[in-house]
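So this block is model.txt, compact mmCIF, C-alpha atoms:
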```txt
# COMPACT_ATOMS: atom_id res chain seq x y z
CA MET V 1 40.03 -18.31 56.20
CA ALA V 2 43.29 -17.23 57.82
CA GLU V 3 44.71 -14.30 55.85
CA ALA V 4 48.31 -15.38 56.40
CA LEU V 5 47.55 -18.93 55.21
CA THR V 6 49.86 -20.34 57.87
CA GLY V 7 47.57 -23.36 58.07
CA PHE V 8 47.98 -24.08 54.35
CA LEU V 9 51.75 -23.81 54.42
CA LYS V 10 51.98 -25.95 57.56
CA SER V 11 49.69 -28.52 55.95
CA LEU V 12 52.02 -28.74 52.94
CA ASP V 13 55.01 -29.10 55.25
CA ASP V 14 53.23 -31.84 57.19
CA ARG V 15 52.40 -33.71 53.99
CA VAL V 16 56.04 -33.46 52.89
CA GLU V 17 57.09 -34.86 56.27
CA ARG V 18 54.75 -37.82 55.76
CA ILE V 19 56.33 -38.44 52.36
CA LEU V 20 59.80 -38.40 53.92
CA ASN V 21 58.68 -40.90 56.55
CA ALA V 22 56.87 -43.21 54.13
CA CYS V 23 59.13 -43.23 51.07
CA THR V 24 61.53 -46.18 50.84
CA ALA V 25 63.23 -44.85 47.68
CA CYS V 26 62.30 -48.04 45.86
CA GLY V 27 62.36 -46.14 42.54
CA ASP V 28 59.09 -47.55 41.18
CA CYS V 29 57.77 -44.08 40.39
CA VAL V 30 60.89 -43.30 38.35
CA SER V 31 60.68 -46.60 36.51
CA VAL V 32 57.13 -46.00 35.21
CA CYS V 33 57.61 -42.30 34.44
CA PRO V 34 58.05 -41.37 30.75
CA THR V 35 59.66 -38.01 31.56
CA PRO V 36 63.26 -39.23 32.05
CA GLN V 37 63.38 -40.67 28.54
CA GLY V 38 62.08 -37.47 26.99
CA ALA V 39 64.31 -35.26 29.12
CA GLY V 40 67.42 -37.39 28.65
CA ILE V 41 67.76 -38.36 32.32
CA ASP V 42 69.86 -41.41 33.15
CA THR V 43 67.67 -43.79 35.16
CA THR V 44 70.12 -46.68 35.40
CA ASP V 45 69.61 -46.55 39.16
CA PRO V 46 66.11 -45.12 39.83
CA LYS V 47 66.60 -45.39 43.59
CA VAL V 48 69.37 -42.79 43.47
CA ILE V 49 67.06 -40.33 41.70
CA VAL V 50 64.35 -40.72 44.36
CA LEU V 51 66.93 -40.33 47.11
CA GLY V 52 67.91 -37.04 45.46
CA ILE V 53 64.29 -35.89 45.57
CA LEU V 54 64.12 -36.76 49.27
CA ASP V 55 67.30 -34.74 49.86
CA ILE V 56 65.66 -31.75 48.17
CA LEU V 57 62.54 -32.11 50.30
CA ARG V 58 64.51 -32.65 53.49
CA ASN V 59 67.24 -30.05 53.18
CA GLY V 60 65.99 -27.60 50.60
CA ASP V 61 69.36 -27.82 48.89
CA GLU V 62 70.03 -28.43 45.23
CA GLY V 63 70.26 -32.21 45.48
CA LEU V 64 71.31 -34.52 42.70
CA ALA V 65 71.27 -32.93 39.23
CA ALA V 66 69.22 -35.77 37.73
CA SER V 67 66.69 -35.44 40.56
CA ARG V 68 66.36 -31.69 40.04
CA GLN V 69 65.88 -32.27 36.33
CA TRP V 70 63.22 -34.93 36.92
CA ALA V 71 61.23 -32.63 39.19
CA THR V 72 61.37 -29.60 36.90
CA ALA V 73 60.67 -31.61 33.73
CA CYS V 74 57.66 -33.47 35.18
CA CYS V 75 54.90 -33.28 32.57
CA GLY V 76 52.22 -34.72 34.81
CA THR V 77 51.25 -37.77 32.81
CA GLY V 78 49.97 -39.47 35.96
CA MET V 79 51.50 -42.84 35.16
CA CYS V 80 53.13 -42.70 38.59
CA LEU V 81 49.90 -42.28 40.55
CA THR V 82 49.32 -46.00 41.05
CA SER V 83 52.98 -46.98 41.24
CA CYS V 84 53.61 -46.37 44.95
CA SER V 85 52.71 -49.11 47.42
CA HIS V 86 53.16 -46.69 50.34
CA GLY V 87 50.36 -44.27 49.48
CA ILE V 88 52.55 -41.49 48.13
CA ASN V 89 51.45 -39.29 45.23
CA PRO V 90 54.72 -38.92 43.27
CA ARG V 91 53.33 -36.04 41.18
CA PHE V 92 52.64 -34.05 44.34
CA MET V 93 56.05 -35.08 45.69
CA LEU V 94 57.76 -33.59 42.64
CA SER V 95 55.65 -30.44 42.93
CA MET V 96 56.87 -30.00 46.50
CA ALA V 97 60.46 -30.63 45.38
CA CYS V 98 60.04 -27.79 42.88
CA ARG V 99 58.65 -25.64 45.68
CA ALA V 100 61.73 -26.39 47.82
CA MET V 101 64.07 -25.49 44.96
CA LYS V 102 62.18 -22.29 44.17
CA GLU V 103 62.39 -21.19 47.79
CA LYS V 104 66.14 -20.76 47.39
CA THR V 105 65.23 -17.62 45.45
CA PRO V 106 64.57 -14.55 47.64
CA GLU V 107 60.92 -14.29 48.67
CA GLY V 108 60.53 -10.81 47.18
CA ASP V 109 61.73 -11.99 43.79
CA ARG V 110 59.31 -14.93 43.86
CA ARG V 111 56.41 -12.65 44.70
CA VAL V 112 57.27 -10.29 41.87
CA ALA V 113 57.60 -13.19 39.41
CA GLY V 114 54.21 -14.59 40.42
CA LYS V 115 52.57 -11.18 40.26
CA GLU V 116 53.98 -10.44 36.81
CA ALA V 117 52.95 -13.84 35.45
CA PHE V 118 49.42 -13.33 36.77
CA LYS V 119 49.24 -9.80 35.37
CA ALA V 120 50.37 -10.98 31.92
CA MET V 121 47.84 -13.81 31.92
CA THR V 122 45.04 -11.46 32.94
CA ARG V 123 45.80 -9.07 30.09
CA GLY V 124 45.93 -11.88 27.57
CA VAL V 125 42.63 -13.37 28.71
CA ARG V 126 40.89 -9.99 28.78
CA VAL V 127 41.98 -8.90 25.31
CA LEU V 128 41.79 -12.20 23.41
CA SER V 129 38.33 -13.07 24.77
CA ARG V 130 37.06 -9.64 23.76
CA LEU V 131 38.51 -9.98 20.26
CA GLN V 132 36.07 -12.85 19.69
CA LEU V 133 32.89 -12.12 21.63
CA ALA V 134 30.37 -9.31 21.78
CA PRO V 135 29.64 -8.10 25.34
CA GLU V 136 26.38 -10.04 25.66
CA LEU V 137 28.05 -13.36 24.78
CA LEU V 138 31.07 -12.59 26.91
CA LYS V 139 28.76 -12.29 29.91
CA ARG V 140 27.75 -15.94 29.53
CA LEU V 141 31.31 -17.03 30.31
CA SER V 142 32.02 -14.46 33.01
CA PRO V 143 31.88 -15.39 36.70
CA SER V 144 28.79 -13.21 37.20
CA SER V 145 27.00 -14.37 34.07
CA HIS V 146 24.27 -16.15 36.01
CA PRO V 147 22.29 -14.22 38.64
CA THR V 148 22.04 -15.74 42.07
CA LEU V 149 19.67 -18.65 41.80
CA THR V 150 16.73 -19.00 44.18
CA GLU V 151 18.02 -22.51 44.83
CA SER V 152 21.53 -23.85 44.94
CA PRO V 153 22.83 -24.75 41.46
CA ASP V 154 23.17 -28.38 40.51
CA LEU V 155 26.76 -27.67 39.72
CA ILE V 156 29.36 -25.06 38.86
CA PHE V 157 31.02 -24.99 35.48
CA TYR V 158 34.58 -23.86 36.22
CA THR V 159 36.39 -22.57 33.15
CA GLY V 160 39.72 -21.75 34.75
CA CYS V 161 41.44 -18.67 33.32
CA ASN V 162 42.87 -19.36 29.88
CA MET V 163 39.88 -21.18 28.41
CA LEU V 164 38.44 -17.70 27.80
CA LYS V 165 41.08 -17.23 25.07
CA THR V 166 39.19 -19.85 23.06
CA PRO V 167 35.64 -18.93 24.10
CA HIS V 168 33.82 -20.99 21.45
CA ILE V 169 34.79 -24.09 23.45
CA GLY V 170 33.28 -22.71 26.63
CA LEU V 171 30.08 -21.64 24.90
CA LEU V 172 29.66 -25.14 23.47
CA CYS V 173 30.01 -26.58 26.98
CA LEU V 174 27.26 -24.28 28.24
CA ASP V 175 25.06 -25.14 25.25
CA VAL V 176 25.32 -28.84 26.12
CA LEU V 177 24.54 -28.19 29.79
CA ASP V 178 21.49 -26.20 28.69
CA ARG V 179 20.32 -29.12 26.54
CA LEU V 180 20.72 -31.39 29.55
CA ASP V 181 18.56 -28.95 31.54
CA ILE V 182 21.22 -28.50 34.20
CA ARG V 183 20.94 -25.65 36.72
CA TYR V 184 24.46 -24.22 36.87
CA GLU V 185 26.59 -21.21 37.60
CA VAL V 186 29.74 -20.24 35.71
CA HIS V 187 32.92 -19.44 37.63
CA GLY V 188 36.27 -18.69 36.09
CA GLY V 189 38.55 -16.03 34.71
CA PRO V 190 41.46 -14.43 36.60
CA ALA V 191 39.18 -13.46 39.52
CA ASN V 192 38.68 -17.18 40.17
CA CYS V 193 42.18 -18.42 39.42
CA CYS V 194 43.61 -21.60 40.92
CA GLY V 195 46.95 -20.00 41.80
CA ILE V 196 49.15 -22.07 39.49
CA LEU V 197 51.17 -19.10 38.21
CA GLN V 198 52.14 -18.07 41.73
CA LEU V 199 52.97 -21.68 42.64
CA ARG V 200 55.23 -22.05 39.60
CA ALA V 201 57.02 -18.87 40.59
CA GLY V 202 57.60 -20.22 44.11
CA ASP V 203 55.13 -17.83 45.78
CA THR V 204 53.31 -20.64 47.57
CA ALA V 205 51.49 -18.40 50.05
CA ASN V 206 49.84 -16.33 47.34
CA ALA V 207 49.09 -19.46 45.32
CA GLY V 208 47.16 -20.74 48.32
CA ARG V 209 45.51 -17.38 48.93
CA GLN V 210 44.24 -17.25 45.35
CA GLY V 211 43.16 -20.89 45.30
CA PHE V 212 41.31 -20.74 48.61
CA LYS V 213 39.42 -17.61 47.58
CA THR V 214 38.12 -19.57 44.62
CA ILE V 215 37.28 -22.59 46.78
CA GLY V 216 35.41 -20.28 49.14
CA ARG V 217 33.30 -18.96 46.28
CA PHE V 218 32.53 -22.51 45.19
CA ALA V 219 31.46 -23.41 48.73
CA GLN V 220 29.18 -20.37 49.06
CA THR V 221 26.94 -21.66 46.25
CA ASN V 222 26.28 -24.94 48.10
CA ALA V 223 26.80 -26.74 44.78
CA LYS V 224 27.75 -30.37 45.31
CA GLU V 225 29.80 -30.74 42.13
CA ILE V 226 32.34 -28.57 40.34
CA LEU V 227 32.85 -29.33 36.65
CA SER V 228 36.39 -28.29 35.86
CA TRP V 229 37.55 -27.80 32.30
CA CYS V 230 41.23 -27.00 32.78
CA PRO V 231 43.35 -30.03 33.76
CA THR V 232 46.02 -27.85 35.38
CA CYS V 233 43.45 -26.24 37.67
CA HIS V 234 41.92 -29.63 38.42
CA ILE V 235 45.24 -31.19 39.43
CA LEU V 236 46.21 -28.22 41.60
CA PHE V 237 42.90 -28.17 43.46
CA GLU V 238 42.67 -31.96 43.85
CA GLU V 239 46.27 -32.63 44.85
CA THR V 240 47.43 -29.44 46.59
CA HIS V 241 44.64 -27.13 47.76
CA LEU V 242 41.72 -29.35 48.72
CA PRO V 243 43.76 -31.83 50.81
CA SER V 244 44.87 -28.81 52.85
CA SER V 245 41.49 -27.05 52.96
CA GLN V 246 40.70 -28.21 56.49
CA ALA V 247 43.61 -26.06 57.67
CA GLU V 248 42.04 -22.92 56.16
CA PHE V 249 38.27 -23.34 56.54
CA GLU V 250 36.22 -23.80 59.69
CA THR V 251 34.00 -26.17 57.72
CA GLU V 252 35.75 -28.22 55.07
CA PRO V 253 34.19 -27.73 51.60
CA SER V 254 31.93 -30.65 50.68
CA PHE V 255 31.89 -30.68 46.91
CA ALA V 256 33.33 -33.07 44.37
CA MET V 257 35.43 -31.93 41.40
CA THR V 258 34.87 -33.68 38.08
CA MET V 259 36.43 -32.99 34.71
CA PHE V 260 33.81 -31.85 32.20
CA ALA V 261 34.29 -34.70 29.72
CA VAL V 262 34.08 -37.25 32.53
CA TYR V 263 30.78 -35.74 33.67
CA LEU V 264 29.34 -35.94 30.15
CA SER V 265 30.47 -39.55 29.78
CA ARG V 266 28.58 -40.40 32.96
CA HIS V 267 25.40 -38.95 31.45
CA LEU V 268 25.46 -40.72 28.10
CA ASP V 269 21.94 -42.07 28.56
CA GLU V 270 20.60 -38.50 28.48
CA LEU V 271 23.14 -37.23 25.95
CA ARG V 272 22.99 -40.02 23.36
CA PRO V 273 19.49 -39.25 21.99
CA MET V 274 20.48 -35.61 21.52
CA MET V 275 23.48 -36.51 19.36
CA ALA V 276 21.32 -37.56 16.43
CA ASN V 277 22.94 -35.77 13.50
CA PRO V 278 25.45 -37.95 11.59
CA VAL V 279 29.02 -36.65 11.64
CA THR V 280 30.78 -38.51 8.86
CA LYS V 281 34.36 -37.94 9.88
CA ARG V 282 37.47 -39.99 10.53
CA VAL V 283 38.80 -38.51 13.78
CA ALA V 284 42.09 -38.79 15.63
CA LEU V 285 42.51 -37.32 19.10
CA CYS V 286 45.45 -35.23 20.25
CA GLU V 287 46.03 -36.88 23.60
CA PHE V 288 49.10 -38.05 25.44
CA SER V 289 48.03 -39.23 28.90
CA VAL V 290 47.59 -42.91 29.66
CA ALA V 291 46.32 -42.34 33.21
CA GLU V 292 43.73 -39.66 32.42
CA GLU V 293 40.07 -40.68 32.49
CA VAL V 294 39.23 -37.57 30.48
CA THR V 295 40.48 -39.25 27.31
CA GLN V 296 38.38 -42.30 28.07
CA GLY V 297 35.37 -40.04 28.58
CA VAL V 298 35.92 -38.21 25.29
CA VAL V 299 36.21 -41.51 23.40
CA ALA V 300 33.03 -42.81 25.05
CA ILE V 301 31.08 -39.71 24.02
CA LEU V 302 32.39 -39.50 20.47
CA SER V 303 31.72 -43.21 19.97
CA CYS V 304 28.01 -42.46 20.33
CA ILE V 305 27.95 -40.01 17.41
CA PRO V 306 26.46 -41.56 14.23
CA GLY V 307 28.92 -41.85 11.36
CA LEU V 308 32.00 -40.84 13.37
CA GLU V 309 35.07 -43.10 13.30
CA ILE V 310 37.83 -42.78 15.90
CA VAL V 311 41.39 -43.60 14.84
CA ASP V 312 44.07 -44.34 17.45
CA LEU V 313 47.37 -42.84 16.31
CA GLU V 314 49.18 -44.97 18.93
CA MET V 315 51.29 -42.10 20.21
CA ASP V 316 53.44 -42.42 23.30
CA ARG V 317 51.61 -41.32 26.44
CA ILE V 318 54.03 -38.78 27.88
CA ALA V 319 52.13 -35.82 29.40
CA TYR V 320 48.75 -34.82 30.76
CA THR V 321 48.37 -32.30 27.91
CA LEU V 322 50.24 -31.48 24.74
CA VAL V 323 51.53 -28.18 26.12
CA ALA V 324 52.92 -29.94 29.20
CA THR V 325 55.63 -31.37 26.92
CA ARG V 326 57.17 -27.89 26.86
CA SER V 327 58.97 -28.94 30.04
CA MET V 328 61.19 -31.00 27.70
CA PRO V 329 60.96 -28.82 24.56
CA GLU V 330 62.94 -30.68 21.92
CA TYR V 331 61.30 -34.00 22.73
CA GLY V 332 57.90 -32.34 22.87
CA LYS V 333 58.34 -30.74 19.47
CA ARG V 334 59.35 -34.04 17.93
CA MET V 335 56.32 -35.75 19.45
CA LEU V 336 53.96 -33.07 18.15
CA ALA V 337 55.47 -33.25 14.66
CA LYS V 338 55.22 -37.04 14.79
CA MET V 339 51.53 -36.79 15.70
CA LEU V 340 50.75 -34.35 12.86
CA HIS V 341 52.46 -36.68 10.37
CA ALA V 342 50.76 -39.76 11.86
CA ALA V 343 47.35 -38.13 11.42
CA GLU V 344 48.16 -37.47 7.77
CA ASP V 345 49.39 -41.03 7.22
CA ALA V 346 46.21 -42.38 8.84
CA GLY V 347 44.07 -40.43 6.38
CA VAL V 348 41.99 -38.69 9.04
CA THR V 349 39.62 -35.90 8.17
CA THR V 350 39.88 -34.38 11.64
CA LEU V 351 42.44 -33.96 14.38
CA ALA V 352 40.54 -33.12 17.57
CA GLY V 353 42.22 -31.65 20.60
CA ILE V 354 40.87 -32.16 24.10
CA TYR V 355 42.03 -29.09 26.00
CA HIS V 356 41.87 -25.37 25.28
CA SER V 357 45.62 -24.88 25.71
CA ASP V 358 46.33 -27.56 23.09
CA HIS V 359 43.88 -25.89 20.69
CA ARG V 360 45.83 -22.64 20.84
CA GLU V 361 48.89 -24.53 19.58
CA LEU V 362 47.24 -26.93 17.16
CA SER V 363 44.91 -24.50 15.39
CA ALA V 364 47.76 -22.63 13.69
CA HIS V 365 48.89 -25.82 11.94
CA GLU V 366 45.65 -26.49 10.05
CA ASP V 367 46.64 -24.91 6.71
CA ALA V 368 49.74 -27.13 6.46
CA TRP V 369 47.87 -30.44 6.72
CA PRO V 370 45.08 -32.19 4.78
CA TYR V 371 42.67 -32.33 7.74
CA GLU V 372 40.78 -29.92 9.94
CA ILE V 373 41.93 -29.18 13.48
CA ILE V 374 39.17 -28.64 16.02
CA ASN V 375 38.24 -29.24 19.65
CA PHE V 376 36.24 -32.37 20.49
CA MET V 377 33.35 -30.20 21.77
CA GLU V 378 32.79 -29.06 18.17
CA LEU V 379 32.05 -32.66 17.18
CA ILE V 380 29.53 -32.98 20.00
CA GLY V 381 27.99 -29.68 18.96
CA GLU V 382 27.76 -30.76 15.32
CA SER V 383 25.97 -33.95 16.32
CA MET V 384 23.49 -31.89 18.35
CA GLY V 385 22.99 -29.20 15.70
CA ILE V 386 24.93 -26.57 17.67
CA THR V 387 27.56 -24.37 16.03
CA ARG V 388 29.93 -21.86 17.60
CA PRO V 389 32.45 -20.23 15.24
CA ASP V 390 36.10 -20.71 16.13
CA LEU V 391 37.31 -17.14 15.75
CA PHE V 392 40.57 -17.90 17.56
CA LYS V 393 41.61 -20.32 14.83
CA ARG V 394 40.42 -17.98 12.08
CA LEU V 395 42.53 -15.16 13.49
CA LYS V 396 45.61 -17.22 14.29
CA LEU V 397 45.71 -18.75 10.82
CA MET V 398 46.11 -15.24 9.40
CA GLN V 399 49.62 -15.14 10.97
CA ASP V 400 49.65 -11.36 10.51
CA VAL V 401 48.93 -8.83 13.23
CA ASP V 402 47.62 -6.16 10.83
CA ALA V 403 45.17 -8.60 9.26
CA ILE V 404 44.03 -9.79 12.69
CA VAL V 405 43.43 -6.27 13.95
CA ALA V 406 41.54 -5.33 10.78
CA ALA V 407 39.36 -8.46 11.00
CA SER V 408 38.60 -7.77 14.66
CA GLN V 409 37.67 -4.11 14.39
CA GLU V 410 34.01 -4.72 15.26
CA TYR V 411 34.97 -6.39 18.53
CA ILE V 412 37.69 -3.85 19.29
CA ASP V 413 35.11 -1.08 19.02
CA GLY V 414 32.28 -3.00 20.69
CA ASN V 415 34.42 -3.92 23.72
CA ASP V 416 36.24 -0.56 23.87
CA LEU V 417 39.68 -2.12 23.50
CA ASN V 418 42.87 -0.14 23.08
CA PRO V 419 44.16 -0.91 19.53
CA GLU V 420 47.81 -0.67 20.62
CA GLU V 421 47.23 -3.08 23.49
CA VAL V 422 45.44 -5.40 21.08
CA ARG V 423 48.46 -5.43 18.78
CA GLU V 424 50.79 -6.12 21.69
CA ILE V 425 48.68 -9.01 23.02
CA VAL V 426 48.12 -10.53 19.55
CA LEU V 427 51.86 -10.54 18.90
CA LYS V 428 52.72 -12.00 22.30
CA ASP V 429 49.79 -14.18 23.34
CA MET V 430 48.50 -15.39 19.99
CA LEU V 431 51.18 -15.33 17.30
CA GLY V 432 54.04 -15.51 19.79
CA GLU V 433 52.62 -18.53 21.59
CA GLN V 434 53.75 -21.17 19.11
CA PHE V 435 55.64 -24.22 20.31
CA LEU V 436 56.24 -25.90 16.94
CA PRO V 437 56.73 -23.79 13.78
CA VAL V 438 53.72 -23.81 11.47
CA ASP V 439 56.06 -24.45 8.52
CA ARG V 440 56.10 -28.25 8.35
CA SER V 441 59.41 -28.26 6.48
CA GLN V 442 61.00 -27.17 9.78
CA HIS V 443 59.66 -30.17 11.69
CA SER V 444 61.94 -32.91 12.90
CA THR V 445 60.46 -36.30 13.76
```
Conversion result in structure tokens:
Amino acid sequence: MAEALTGFLKSLDDRVERILNACTACGDCVSVCPTPQGAGIDTTDPKVIVLGILDILRNGDEGLAASRQWATACCGTGMCLTSCSHGINPRFMLSMACRAMKEKTPEGDRRVAGKEAFKAMTRGVRVLSRLQLAPELLKRLSPSSHPTLTESPDLIFYTGCNMLKTPHIGLLCLDVLDRLDIRYEVHGGPANCCGILQLRAGDTANAGRQGFKTIGRFAQTNAKEILSWCPTCHILFEETHLPSSQAEFETEPSFAMTMFAVYLSRHLDELRPMMANPVTKRVALCEFSVAEEVTQGVVAILSCIPGLEIVDLEMDRIAYTLVATRSMPEYGKRMLAKMLHAAEDAGVTTLAGIYHSDHRELSAHEDAWPYEIINFMELIGESMGITRPDLFKRLKLMQDVDAIVAASQEYIDGNDLNPEEVREIVLKDMLGEQFLPVDRSQHST
């Protein structure tokens, strides 16, 4: 792989040029996108907004204000992916518009911003995962948890980085793979990052460098399938890195990437007999994406569990995850509050999130509502007789750093953590990471 990643950057530029040549500014992608409504963007003339995006891509200047706002507020719902009759991926187009806007900032500043974001994420993952797992369990989710197999693994389970903050979800995934008798390796954590933090900061070269290192590790295993858990990682690899991989590798990687829930839904014949324990619960899902097959996969799996009833809250499909609505914060908060109230009105026993990032937000709300808040993998585990305690939720519900530190002393000692660093990370990355206040009286719907 070329160290300078000139091939990657040129590939992105070439793909942008193809967009500029193919786009007719018809405005169809704007018309189907839910972001403008949530962000308060005037779409009276959608063609003008697309023309502004093309100006940004072509000239690197600021472009039309509404176009800049559309690009930066994009919450990735994917509703646009089938809207273009000219073969353009509008989500990738907006990502490249954001790249062009970011590149107006001095390169040194962008590199520092990306580095600092990555450093902060690494600290948060390291400390929060170790507040919940003893060293022997932590090894199961680490990139080196499985020794080199004598044969190539059937697949790689790719956690991404931040899933390790809610490790009970990851352990449940591995438990299910074990029941399915799958030969796998685990890759993830900051050492196997996708590069999204650098990309968001405008440090595209280092985003590619990080992403291609991870792709190279995937390829070395000769695994034919990568099961990705994190939707952000999946989108970045599928839409940005892998289409440019030929420019960076002598031999283009030959593996498929599949979201974990989609993989399970394709193996229901094997999974169904294992989910024999009745789970008598009335369940609503926290999901917002109309174009995401992950939701369809989760519904298909949960529908096989005896005694479980799925309730559709009929929420607007506005983002690929709950946390993606933070790109339009006031609208996102209203939508989350509306969902919490809708679940109460529907009389559900359980609100189940799909992604790890959503669980970090949702779990803090449980005490304020008459239903439990869990991840969908816990329902699968319950039906299979598998339990993994959700220590993240237990700690976050305490809402007090002293209580959290006291309750975690065994893990602080066992993992040789610095108590002062623990306090700092708990305040910032656990208690401080709260989109909507836990006090429901402060919610506006």
Practice task
Using only C-alpha atoms, determine which residues lie at most 6 Å from segment 244-260 of chain V, disregarding the query and same-chain residues fewer than 2 positions distant; provide the list as a list in words.
Solution key: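 Within the cut-off, the hits are Met1, Gly7, Phe8, Ser11, Ala219, Lys224, Glu225, Ile226, Leu227, Ser228, Trp229, His241, Leu242, Val262 and Tyr263 of chain V.
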Exercise for the section: For segment 277-283 of chain V, please output as number ranges by chain all residues within 12 Å (counting all atoms listed in the file; exclusion window: fewer than 4 positions along the same chain). Expected result: V: 272-273, 298-299, 302-313, 343-344, 346-353, 371-376, 378-386
Practice task
Could you jot down the atom CA of Leu391 of chain V to atom CA of Asp367 of chain V separation for me, Å, one decimal place?
Solution key: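 One can read the atom CA of Leu391 of chain V to atom CA of Asp367 of chain V distance as 15.1 Å.
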Problem - Best match for closeness to Ala407 of chain V among V:Asn222, V:Pro46, V:Gly202, V:Leu131, counting only C-alpha atoms - result: V:Leu131
Got a sec: who's within 10 Å of segment 168-180 of chain V, counting only C-alpha atoms, leaving out chain neighbours fewer than 6 positions off, as a compact mmCIF listing (two decimals) with C-alpha atoms, keeping the file's coordinate frame?
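Listed below is the output, around-v8.txt:
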```txt
# COMPACT_ATOMS: atom_id res chain seq x y z
CA SER V 129 38.33 -13.07 24.77
CA GLN V 132 36.07 -12.85 19.69
CA LEU V 133 32.89 -12.12 21.63
CA LEU V 137 28.05 -13.36 24.78
CA LEU V 138 31.07 -12.59 26.91
CA ARG V 140 27.75 -15.94 29.53
CA LEU V 141 31.31 -17.03 30.31
CA PHE V 157 31.02 -24.99 35.48
CA TYR V 158 34.58 -23.86 36.22
CA THR V 159 36.39 -22.57 33.15
CA VAL V 186 29.74 -20.24 35.71
CA TRP V 229 37.55 -27.80 32.30
CA PHE V 260 33.81 -31.85 32.20
CA ALA V 261 34.29 -34.70 29.72
CA LEU V 264 29.34 -35.94 30.15
CA HIS V 267 25.40 -38.95 31.45
CA GLU V 270 20.60 -38.50 28.48
CA LEU V 271 23.14 -37.23 25.95
CA MET V 274 20.48 -35.61 21.52
CA TYR V 355 42.03 -29.09 26.00
CA HIS V 356 41.87 -25.37 25.28
CA HIS V 359 43.88 -25.89 20.69
CA ILE V 374 39.17 -28.64 16.02
CA ASN V 375 38.24 -29.24 19.65
CA PHE V 376 36.24 -32.37 20.49
CA MET V 377 33.35 -30.20 21.77
CA GLU V 378 32.79 -29.06 18.17
CA ILE V 380 29.53 -32.98 20.00
CA GLY V 381 27.99 -29.68 18.96
CA MET V 384 23.49 -31.89 18.35
CA ILE V 386 24.93 -26.57 17.67
CA THR V 387 27.56 -24.37 16.03
CA ARG V 388 29.93 -21.86 17.60
CA PRO V 389 32.45 -20.23 15.24
CA ASP V 390 36.10 -20.71 16.13
CA LEU V 391 37.31 -17.14 15.75
CA PHE V 392 40.57 -17.90 17.56
```
Practice task
Write out as number ranges by chain each polymer residue whose atoms come within 10 Å of Thr82 of chain V, counting all atoms listed in the file; drop sequence neighbours fewer than 4 positions from it.
Solution key: V: 28-29, 32, 78, 87-90, 291
Show me, as CSV, the residues of segment 88-182 of chain V having an atom within 9 Å of segment 59-74 of chain V, each with the closest atom pair and its distance in Å, using only C-alpha atoms.
```
residue,atom,partner,partner_atom,distance
V:Arg91,CA,V:Cys74,CA,7.8
V:Met93,CA,V:Ala71,CA,8.7
V:Leu94,CA,V:Ala71,CA,5.0
V:Ser95,CA,V:Ala71,CA,7.1
V:Met96,CA,V:Ala71,CA,8.9
V:Ala97,CA,V:Ala71,CA,6.6
V:Cys98,CA,V:Ala71,CA,6.2
V:Ala100,CA,V:Gly60,CA,5.2
V:Met101,CA,V:Gly60,CA,6.3
V:Glu103,CA,V:Gly60,CA,7.9
V:Lys104,CA,V:Gly60,CA,7.6
```
Handout entry: Distance in Å - atom CA of Cys80 of chain V versus atom CA of Cys33 of chain V
Key = 6.1 Å
Practice task
Give me the residues within 10 Å of Ala113 of chain V as a PyMOL selection string, counting only C-alpha atoms and dropping any in the same chain fewer than 5 places off.
Solution key: chain V and resi 107-108+118-119+197-198+200-203
Practice task
Go ahead and compute the interatomic distance for atom CA of Phe237 of chain V and atom CA of Gly211 of chain V, in Å to one decimal.
Solution key: 7.5 Å
Exercise for the section: Identify which of the residues V:Leu57, V:Leu285, V:Arg130, V:Pro106 lies closest to Glu17 of chain V, counting all atoms listed in the file when measuring atom-to-atom distances. Expected result: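 Ranked by minimum distance to Glu17 of chain V, first place goes to V:Leu57.
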Exercise for the section: Considering only C-alpha atoms, state which residue in the set V:Val30, V:Ala300, V:Leu128, V:Met121 is at the smallest distance from Val405 of chain V. Expected result: V:Leu128
